[in-house]
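S.K.: The structure is given below, and queries will be raised subsequently.
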Amino acid sequence: MNINQHYLELQDSYLFSLVTKKVNAYKEKNPSKEVIRLGIGDVTLPLVPAVVEAMQKAVAEQGEKSTFKGYGEEQGYEFLRQTICQYYSEKKVSLSDTEVFISDGAKSDIGNILDIFDIDNTVLIPDPVYPVYVDTNVMAGRKIIYANGTVENNFSPLPDENIKADIIYLCSPNNPTGAVYNKEQLESWVSYALKHDAVILFDSAYETFIQDESLPTSIYQIEGAEKCAIEFCSLSKTAGFTGTRCGYTIVPHALIRNNTSLNKLWLRRQTTKFNGVPYIVQKGAEAVFSNDGLQQIKENIAYYMENAKLISGTLKELNIWHVGGENSPYIWLKCPNDMTSWDYFDYLLENAQVVGTPGSGFGSNGEGFFRLSAFGERKNVIEAMERLRKLK
Ligand code: MLT
């Protein structure tokens, strides 16, 4: 028996588990200190009333013989898939409900989608970016190349015609930098993918945080993207589902590689390895897209964006270089005094009891940078900023 040796090539812990471990160790040593967490992007506002009501109704249905449901469709209930098509039609994207797959969140599908691709594909991953893309490909033993995100290119790397990539990850708004690709930039990625027969894995988990209406919120707003892209989205940040778990993945019928429909392969994979998201959760997800639901989540997003403003306002006051927070819930800053990302993490934890996420955890280009999340409770964000001011 042999284990998958590629797991040994991974860092010991997943980034956010390592942060939690360090914070817990600090708290154990300093039980009287009040730590404020602006690290992992976990929401703090509860589910909105429209969602709660829909889920309560669904629980009652599951308790009645006449409305009880056992296994659902692995691809997700039609009512939710159609609701998502409607949501996309408002973005001027036309989808069929058989192109929508309901998931338990973007993270799982972003990892699982690799099942349908050959191991010999070369993967292109922006750096810095959400660590799941790298880790899942390291686990599989796939060749990874990087697209450098730097201050100079506003952390929005563009395709290089001299590089041959088969699978391309894009995350817009970017986690961790908050950079958002504009239409022309996405057009250049789509054109590269079509020319090189590559597939773009487009992570749009933070699309609802985009405030600038000129920016694309879906890759399918770009002509030709349905022939080269799979899109992953999540209700985690959009509607406070981090603990409730629901997302969706779009695999267009027009996406064909090796004369094979990727939609068909993904359906085959899901029907074999996944039993779907609970009915109760899917009813809650459906309510997110109702008129009341959309209005209520808009208010929650505005709350987080106000937090982002408070954070970037403070950093500006302290002359700390930063970006993000305008179309995303993350603020990406340069560690003061040339500290490394982990040194700044320790410094903030020790001296201000404020937790952020070290930029180097998102890739080597993230070294010397640091991410603060705007998902905290307002009073904690205000207090954390007060503590930062006192550090000066
Ligand atoms: C983050 O903080 O980057 C996210 O919460 C991680 C995730 O969505 O899995």
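Residue numbering restarts at 1 in every chain; chains get A, B, ... in the order shown in the structure tokens, and ligands count up from 1 in that same order.
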With the cut-off set at 6 Å and counting only C-alpha atoms and all ligand atoms, tabulate each residue of chain A with an atom at most that distance from an atom of ligand 1, showing the nearest atom pair and its distance in Å to one decimal, ordered by chain and increasing number, as JSON lines.
M.R.:
{"residue": "A:Ile40", "atom": "CA", "partner": "ligand 1", "partner_atom_place_in_ligand_line": "2 (O)", "distance": 3.6}
{"residue": "A:Gly41", "atom": "CA", "partner": "ligand 1", "partner_atom_place_in_ligand_line": "2 (O)", "distance": 3.5}
{"residue": "A:Asp42", "atom": "CA", "partner": "ligand 1", "partner_atom_place_in_ligand_line": "5 (O)", "distance": 5.3}
{"residue": "A:Lys107", "atom": "CA", "partner": "ligand 1", "partner_atom_place_in_ligand_line": "9 (O)", "distance": 5.9}
S.K.: For region 89-157 of chain A versus region 205-213 of chain A, which residues have an atom no more than 12 Å away, and what is each residue's nearest atom pair and distance in Å rounded to one decimal, using only C-alpha atoms, chain-then-number order, as a tab-separated table?
M.R.:
residue	atom	partner	partner_atom	distance
A:Lys91	CA	A:Glu213	CA	10.8
A:Gly105	CA	A:Ala205	CA	9.1
A:Ala106	CA	A:Ala205	CA	7.1
A:Lys107	CA	A:Ala205	CA	9.5
A:Asp109	CA	A:Ala205	CA	12.0
A:Ile110	CA	A:Ala205	CA	11.0
A:Tyr130	CA	A:Ala205	CA	11.0
S.K.: Can you pull out every residue within 8 Å of region 251-262 of chain A, counting only C-alpha atoms, but drop anything in the same chain fewer than 6 positions away, and send it as number ranges by chain?
M.R.: A: 95, 99-101, 116, 197, 226-231
S.K.: Would you put the residues from that selection into a file with N, CA and C atoms, as a PDB file, in the first residue's frame?
M.R.:
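Result file out12.pdb:
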ATOM      1  N   LEU A  95     -28.605  31.165 -19.614  1.00  0.00           N
ATOM      2  CA  LEU A  95     -28.165  29.815 -19.217  1.00  0.00           C
ATOM      3  C   LEU A  95     -29.350  28.871 -19.271  1.00  0.00           C
ATOM      4  N   GLU A  99     -27.266  23.557 -17.141  1.00  0.00           N
ATOM      5  CA  GLU A  99     -25.863  23.999 -17.066  1.00  0.00           C
ATOM      6  C   GLU A  99     -25.485  24.390 -15.632  1.00  0.00           C
ATOM      7  N   VAL A 100     -26.477  24.386 -14.735  1.00  0.00           N
ATOM      8  CA  VAL A 100     -26.252  24.817 -13.352  1.00  0.00           C
ATOM      9  C   VAL A 100     -26.182  23.583 -12.448  1.00  0.00           C
ATOM     10  N   PHE A 101     -25.166  23.535 -11.602  1.00  0.00           N
ATOM     11  CA  PHE A 101     -25.006  22.435 -10.640  1.00  0.00           C
ATOM     12  C   PHE A 101     -24.951  23.047  -9.242  1.00  0.00           C
ATOM     13  N   ILE A 116     -12.258  15.724 -13.600  1.00  0.00           N
ATOM     14  CA  ILE A 116     -12.595  15.520 -15.016  1.00  0.00           C
ATOM     15  C   ILE A 116     -11.444  15.903 -15.948  1.00  0.00           C
ATOM     16  N   ASP A 197      -6.989  26.256 -26.481  1.00  0.00           N
ATOM     17  CA  ASP A 197      -7.813  25.107 -26.115  1.00  0.00           C
ATOM     18  C   ASP A 197      -7.790  24.866 -24.594  1.00  0.00           C
ATOM     19  N   GLU A 226     -18.487  30.930 -22.888  1.00  0.00           N
ATOM     20  CA  GLU A 226     -19.225  29.673 -22.703  1.00  0.00           C
ATOM     21  C   GLU A 226     -18.501  28.508 -23.397  1.00  0.00           C
ATOM     22  N   LYS A 227     -17.519  28.834 -24.252  1.00  0.00           N
ATOM     23  CA  LYS A 227     -16.781  27.768 -24.941  1.00  0.00           C
ATOM     24  C   LYS A 227     -15.472  27.448 -24.218  1.00  0.00           C
ATOM     25  N   CYS A 228     -15.173  28.186 -23.154  1.00  0.00           N
ATOM     26  CA  CYS A 228     -13.867  27.932 -22.517  1.00  0.00           C
ATOM     27  C   CYS A 228     -13.868  28.121 -20.998  1.00  0.00           C
ATOM     28  N   ALA A 229     -15.034  28.326 -20.376  1.00  0.00           N
ATOM     29  CA  ALA A 229     -14.963  28.610 -18.934  1.00  0.00           C
ATOM     30  C   ALA A 229     -16.028  27.893 -18.113  1.00  0.00           C
ATOM     31  N   ILE A 230     -15.600  27.528 -16.909  1.00  0.00           N
ATOM     32  CA  ILE A 230     -16.516  27.001 -15.888  1.00  0.00           C
ATOM     33  C   ILE A 230     -16.523  28.054 -14.779  1.00  0.00           C
ATOM     34  N   GLU A 231     -17.707  28.384 -14.284  1.00  0.00           N
ATOM     35  CA  GLU A 231     -17.782  29.418 -13.241  1.00  0.00           C
ATOM     36  C   GLU A 231     -18.261  28.812 -11.922  1.00  0.00           C
TER      37      GLU A 231
END
S.K.: Hey, what does DSSP flag as helix (DSSP H, G or I) within region 72-251 of chain A? Can you give it to me as a ChimeraX atom specification?
M.R.: /A:78-90,97-99,106-116,132-140,183-196,207-209,219-221,225-227,236-239
S.K.: Which residues come within 9 Å of region 51-62 of chain A, counting only C-alpha atoms, excluding same-chain residues fewer than 3 positions away, as number ranges by chain?
M.R.: A: 47-48, 65-70, 239, 279-288, 293
S.K.: Create the file for the chosen residues now, containing N, CA and C atoms and written as a PDB file, in the first residue's frame.
M.R.:
ATOM      1  N   LEU A  47     -28.180  34.844   8.909  1.00  0.00           N
ATOM      2  CA  LEU A  47     -28.978  34.659   7.693  1.00  0.00           C
ATOM      3  C   LEU A  47     -30.094  35.698   7.679  1.00  0.00           C
ATOM      4  N   VAL A  48     -30.455  36.159   6.499  1.00  0.00           N
ATOM      5  CA  VAL A  48     -31.494  37.201   6.410  1.00  0.00           C
ATOM      6  C   VAL A  48     -32.882  36.568   6.615  1.00  0.00           C
ATOM      7  N   LYS A  65     -45.610  13.754   5.994  1.00  0.00           N
ATOM      8  CA  LYS A  65     -45.531  12.653   5.045  1.00  0.00           C
ATOM      9  C   LYS A  65     -45.789  13.115   3.605  1.00  0.00           C
ATOM     10  N   SER A  66     -46.761  14.022   3.449  1.00  0.00           N
ATOM     11  CA  SER A  66     -47.160  14.404   2.086  1.00  0.00           C
ATOM     12  C   SER A  66     -46.118  15.284   1.372  1.00  0.00           C
ATOM     13  N   THR A  67     -45.267  15.940   2.124  1.00  0.00           N
ATOM     14  CA  THR A  67     -44.294  16.846   1.475  1.00  0.00           C
ATOM     15  C   THR A  67     -42.847  16.398   1.677  1.00  0.00           C
ATOM     16  N   PHE A  68     -42.680  15.341   2.445  1.00  0.00           N
ATOM     17  CA  PHE A  68     -41.326  14.850   2.750  1.00  0.00           C
ATOM     18  C   PHE A  68     -40.562  14.488   1.472  1.00  0.00           C
ATOM     19  N   LYS A  69     -39.273  14.790   1.482  1.00  0.00           N
ATOM     20  CA  LYS A  69     -38.425  14.439   0.321  1.00  0.00           C
ATOM     21  C   LYS A  69     -37.217  13.641   0.792  1.00  0.00           C
ATOM     22  N   GLY A  70     -36.912  12.587   0.069  1.00  0.00           N
ATOM     23  CA  GLY A  70     -35.697  11.804   0.337  1.00  0.00           C
ATOM     24  C   GLY A  70     -34.568  12.348  -0.516  1.00  0.00           C
ATOM     25  N   ALA A 239     -24.544  35.690   1.032  1.00  0.00           N
ATOM     26  CA  ALA A 239     -25.770  35.601   1.827  1.00  0.00           C
ATOM     27  C   ALA A 239     -25.536  34.963   3.198  1.00  0.00           C
ATOM     28  N   TYR A 279     -32.406  19.604   0.871  1.00  0.00           N
ATOM     29  CA  TYR A 279     -33.585  20.329   0.381  1.00  0.00           C
ATOM     30  C   TYR A 279     -33.776  21.627   1.170  1.00  0.00           C
ATOM     31  N   ILE A 280     -33.657  21.537   2.482  1.00  0.00           N
ATOM     32  CA  ILE A 280     -33.893  22.702   3.353  1.00  0.00           C
ATOM     33  C   ILE A 280     -32.945  23.850   2.980  1.00  0.00           C
ATOM     34  N   VAL A 281     -31.687  23.488   2.735  1.00  0.00           N
ATOM     35  CA  VAL A 281     -30.691  24.507   2.379  1.00  0.00           C
ATOM     36  C   VAL A 281     -31.005  25.084   0.996  1.00  0.00           C
ATOM     37  N   GLN A 282     -31.419  24.222   0.073  1.00  0.00           N
ATOM     38  CA  GLN A 282     -31.724  24.719  -1.279  1.00  0.00           C
ATOM     39  C   GLN A 282     -32.942  25.644  -1.257  1.00  0.00           C
ATOM     40  N   LYS A 283     -33.891  25.392  -0.365  1.00  0.00           N
ATOM     41  CA  LYS A 283     -35.038  26.303  -0.243  1.00  0.00           C
ATOM     42  C   LYS A 283     -34.557  27.658   0.300  1.00  0.00           C
ATOM     43  N   GLY A 284     -33.631  27.604   1.247  1.00  0.00           N
ATOM     44  CA  GLY A 284     -33.044  28.853   1.771  1.00  0.00           C
ATOM     45  C   GLY A 284     -32.308  29.598   0.667  1.00  0.00           C
ATOM     46  N   ALA A 285     -31.568  28.842  -0.156  1.00  0.00           N
ATOM     47  CA  ALA A 285     -30.795  29.456  -1.243  1.00  0.00           C
ATOM     48  C   ALA A 285     -31.736  30.107  -2.255  1.00  0.00           C
ATOM     49  N   GLU A 286     -32.847  29.430  -2.529  1.00  0.00           N
ATOM     50  CA  GLU A 286     -33.816  29.989  -3.479  1.00  0.00           C
ATOM     51  C   GLU A 286     -34.308  31.362  -2.977  1.00  0.00           C
ATOM     52  N   ALA A 287     -34.525  31.423  -1.651  1.00  0.00           N
ATOM     53  CA  ALA A 287     -35.055  32.671  -1.068  1.00  0.00           C
ATOM     54  C   ALA A 287     -34.053  33.822  -1.146  1.00  0.00           C
ATOM     55  N   VAL A 288     -32.752  33.495  -1.257  1.00  0.00           N
ATOM     56  CA  VAL A 288     -31.745  34.554  -1.406  1.00  0.00           C
ATOM     57  C   VAL A 288     -32.062  35.393  -2.634  1.00  0.00           C
ATOM     58  N   GLY A 293     -35.240  38.719  -0.416  1.00  0.00           N
ATOM     59  CA  GLY A 293     -33.911  38.172  -0.124  1.00  0.00           C
ATOM     60  C   GLY A 293     -32.819  39.064  -0.704  1.00  0.00           C
TER      61      GLY A 293
END
S.K.: Please, which residues of region 106-255 of chain A, numbered as in this document, come out strand (DSSP E) from DSSP, as a ChimeraX atom specification?
M.R.: /A:122-127,143-148,167-171,199-203,229-234,247-250
S.K.: Tell me which protein, DNA and RNA residues are within 10 Å of Phe202 (chain A), counting only C-alpha atoms, leaving out same-chain ones fewer than 4 positions away, and put them as a PyMOL selection string.
M.R.: chain A and resi 110+168-172+218-220+229-233+249-250
S.K.: Would you compute the distance between CA of Asn275 (chain A) and CA of Glu64 (chain A)? Give it in Å to one decimal.
M.R.: 21.9 Å
S.K.: I want to know what sits within 10 Å of Val355 (chain A), based on only C-alpha atoms, with residues of the same chain fewer than 6 positions away left out; could you give that as a list in words?
M.R.: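 Non-adjacent residues within range: Val19, Thr20, Lys22, Val23, Val35, Ile36, Arg37, Leu38, Gly39, Ile40, Tyr344, Phe345, Asp346, Tyr347, Leu348, Leu349, Arg371, Leu372, Ser373 and Ala384 of chain A.
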S.K.: Which polymer residues have any atom within 7 Å of an atom of Gly149 (chain A), counting only C-alpha atoms, with same-chain residues fewer than 5 positions away left out, as a VMD selection string?
M.R.: chain A and resid 126 to 128 155 to 157 365
S.K.: Taking into account only C-alpha atoms, which residue in the set A:Arg245, A:Lys264, A:Lys195, A:Arg81 is nearest to Asp104 (chain A)?
M.R.: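 Among the listed residues, the smallest separation from Asp104 (chain A) belongs to A:Arg245.
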S.K.: Between CA of Asp203 (chain A) and CA of Leu8 (chain A), what distance in Å does the model show, to one decimal?
M.R.: 26.6 Å
